[in-house]
Amino acid sequence: MGDTHDLTGHDIGPDIDELRAALAAHGITLPSLGVDPLTFAARSTRPPLVSLGNCNVATARRMAEVLRAAAGG
């Protein structure tokens, strides 16, 4: 997956909202989820990065559990 696929104008806000909603559907909240300010401010043809931020151990465990289940394990 490339960094420049169909992100005209680099508005990744809707993508972040979609990720936030998908995580919430599994009981996961990442308080720092947002646009990485350094890559957002950079002058580049690449879209800014999504900052997942920090989370506590319980959230990390829940994310691992959900990802394992989604992968069939």
# chains A, B, ... in the order shown; residues from 1 in each chain; ligands from 1

$ residues_around --residues "A:His10" --least-positions-apart "4" --cutoff "8 Å" --atoms "only C-alpha atoms" --output "PyMOL selection string"
chain A and resi 46-48

$ residues_around --residues "stretch 18-29 of chain A" --least-positions-apart "2" --cutoff "12 Å" --atoms "only C-alpha atoms" --output "PyMOL selection string"
chain A and resi 12-16+31-34+50-67+69-70

$ select_by_dssp --residues "chain A" --states "helix (DSSP H, G or I)" --output "ChimeraX atom specification"
/A:8-10,13-24,37-41,57-70

$ select_by_dssp --residues "chain A" --states "strand (DSSP E)" --output "list of chain:residue names"
A:Gly34, A:Val35, A:Val50, A:Ser51
